[in-house]
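Listing of structure.pdb, PDB, C-alpha atoms
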```pdb
MODEL        1
ATOM      1  CA  MET I   1      85.839  84.762  80.221  1.00  0.00           C
ATOM      2  CA  LEU I   2      82.784  85.804  82.221  1.00  0.00           C
ATOM      3  CA  LEU I   3      84.873  86.436  85.334  1.00  0.00           C
ATOM      4  CA  SER I   4      87.305  88.729  83.496  1.00  0.00           C
ATOM      5  CA  TRP I   5      84.383  90.751  82.092  1.00  0.00           C
ATOM      6  CA  TYR I   6      82.943  91.097  85.614  1.00  0.00           C
ATOM      7  CA  VAL I   7      86.282  92.207  87.038  1.00  0.00           C
ATOM      8  CA  ARG I   8      86.747  94.729  84.233  1.00  0.00           C
ATOM      9  CA  ALA I   9      83.240  96.146  84.766  1.00  0.00           C
ATOM     10  CA  ARG I  10      83.913  96.544  88.510  1.00  0.00           C
ATOM     11  CA  TYR I  11      87.237  98.228  87.740  1.00  0.00           C
ATOM     12  CA  VAL I  12      85.626 100.692  85.331  1.00  0.00           C
ATOM     13  CA  ARG I  13      82.905 101.566  87.884  1.00  0.00           C
ATOM     14  CA  ALA I  14      85.474 102.053  90.626  1.00  0.00           C
ATOM     15  CA  ARG I  15      87.627 104.327  88.421  1.00  0.00           C
ATOM     16  CA  ARG I  16      84.576 106.388  87.488  1.00  0.00           C
ATOM     17  CA  ARG I  17      83.583 106.774  91.152  1.00  0.00           C
ATOM     18  CA  ILE I  18      87.109 107.831  92.141  1.00  0.00           C
ATOM     19  CA  SER I  19      87.340 110.397  89.352  1.00  0.00           C
ATOM     20  CA  GLU I  20      83.955 111.873  90.329  1.00  0.00           C
ATOM     21  CA  GLU I  21      85.082 112.270  93.949  1.00  0.00           C
ATOM     22  CA  ALA I  22      88.398 113.903  93.034  1.00  0.00           C
ATOM     23  CA  GLY I  23      86.710 117.195  92.166  1.00  0.00           C
ATOM     24  CA  GLN I  24      84.611 117.024  95.292  1.00  0.00           C
ATOM     25  CA  THR I  25      87.713 116.737  97.454  1.00  0.00           C
ATOM     26  CA  THR I  26      89.257 119.781  95.790  1.00  0.00           C
ATOM     27  CA  ALA I  27      86.086 121.784  96.397  1.00  0.00           C
ATOM     28  CA  GLU I  28      86.035 120.747 100.055  1.00  0.00           C
ATOM     29  CA  TYR I  29      89.638 121.886 100.513  1.00  0.00           C
ATOM     30  CA  ALA I  30      88.793 125.213  98.868  1.00  0.00           C
ATOM     31  CA  LEU I  31      85.830 125.748 101.205  1.00  0.00           C
ATOM     32  CA  VAL I  32      87.919 124.952 104.280  1.00  0.00           C
ATOM     33  CA  ILE I  33      90.619 127.410 103.159  1.00  0.00           C
ATOM     34  CA  LEU I  34      88.004 130.112 102.537  1.00  0.00           C
ATOM     35  CA  ALA I  35      86.464 129.532 105.964  1.00  0.00           C
ATOM     36  CA  ALA I  36      89.870 129.709 107.664  1.00  0.00           C
ATOM     37  CA  ALA I  37      90.681 132.929 105.798  1.00  0.00           C
ATOM     38  CA  ALA I  38      87.336 134.442 106.840  1.00  0.00           C
ATOM     39  CA  VAL I  39      87.969 133.587 110.490  1.00  0.00           C
ATOM     40  CA  ALA I  40      91.468 135.082 110.262  1.00  0.00           C
ATOM     41  CA  VAL I  41      90.148 138.301 108.712  1.00  0.00           C
ATOM     42  CA  VAL I  42      87.503 138.670 111.423  1.00  0.00           C
ATOM     43  CA  LEU I  43      90.070 137.985 114.161  1.00  0.00           C
ATOM     44  CA  ILE I  44      92.553 140.486 112.736  1.00  0.00           C
ATOM     45  CA  ALA I  45      89.839 143.123 112.285  1.00  0.00           C
ATOM     46  CA  TRP I  46      88.713 142.651 115.879  1.00  0.00           C
ATOM     47  CA  ALA I  47      92.255 142.771 117.237  1.00  0.00           C
ATOM     48  CA  HIS I  48      93.052 145.895 115.216  1.00  0.00           C
ATOM     49  CA  SER I  49      89.884 147.746 116.230  1.00  0.00           C
ATOM     50  CA  SER I  50      90.235 146.879 119.919  1.00  0.00           C
ATOM     51  CA  GLY I  51      93.864 148.022 120.110  1.00  0.00           C
ATOM     52  CA  LYS I  52      94.987 144.593 121.269  1.00  0.00           C
ATOM     53  CA  LEU I  53      97.176 143.930 118.235  1.00  0.00           C
ATOM     54  CA  PRO I  54      99.789 146.676 118.801  1.00  0.00           C
ATOM     55  CA  ASP I  55      99.930 145.800 122.519  1.00  0.00           C
ATOM     56  CA  PHE I  56     100.440 142.132 121.661  1.00  0.00           C
ATOM     57  CA  PHE I  57     103.289 142.876 119.260  1.00  0.00           C
ATOM     58  CA  ASP I  58     104.914 145.229 121.778  1.00  0.00           C
ATOM     59  CA  GLN I  59     104.757 142.490 124.413  1.00  0.00           C
ATOM     60  CA  VAL I  60     106.274 139.927 122.015  1.00  0.00           C
ATOM     61  CA  ILE I  61     109.123 142.276 121.091  1.00  0.00           C
ATOM     62  CA  ASP I  62     109.773 143.078 124.760  1.00  0.00           C
ATOM     63  CA  ASN I  63     109.915 139.359 125.585  1.00  0.00           C
ATOM     64  CA  VAL I  64     112.273 138.638 122.712  1.00  0.00           C
ATOM     65  CA  MET I  65     114.552 141.528 123.634  1.00  0.00           C
ATOM     66  CA  GLY I  66     114.515 140.456 127.298  1.00  0.00           C
ATOM     67  CA  ASN I  67     115.425 136.867 126.388  1.00  0.00           C
ATOM     68  CA  ALA I  68     118.136 138.026 123.999  1.00  0.00           C
ATOM     69  CA  SER I  69     119.804 140.279 126.536  1.00  0.00           C
ATOM     70  CA  ALA I  70     119.691 137.558 129.253  1.00  0.00           C
ATOM     71  CA  ALA I  71     121.467 135.036 127.032  1.00  0.00           C
TER      72      ALA I  71
ENDMDL
END
```
Can you give me the file's structure in the form of structure tokens?
Amino acid sequence: MLLSWYVRARYVRARRRISEEAGQTTAEYALVILAAAAVAVVLIAWAHSSGKLPDFFDQVIDNVMGNASAA
């Protein structure tokens, strides 16, 4: 009887700890996504202001067209 009470108490504590950490994990994922989005925005803004972005896309299109015509 005493052992089953002990096991049940451990189970309840473990479930409580897991449920408390579930929200923390969601918040961590949200922060990582926000940080990645911020880095992407800064990178795109830099590429657009420096004129590198249109040149990059032109180079990609030229490579694709060159590979398509060679095949």
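What separates atom CA of Ile44 of chain I from atom CA of Leu31 of chain I is a distance of 19.9 Å.
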- request: Record the distance separating atom CA of His48 of chain I and atom CA of Asn67 of chain I, expressed in Å with one decimal.
  value: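 Separation of atom CA of His48 of chain I and atom CA of Asn67 of chain I: 26.6 Å.
You will find atom CA of Leu34 of chain I at 18.3 Å from atom CA of Trp46 of chain I.
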Starting from 3 Å padding per side, set up an axis-aligned box that covers all listed atoms of segment 52-71 of chain I and hand over centre and edge lengths in Å, one decimal, as lines of an AutoDock Vina configuration file.
```
center_x = 108.2
center_y = 140.9
center_z = 123.7
size_x = 32.5
size_y = 17.6
size_z = 17.0
```
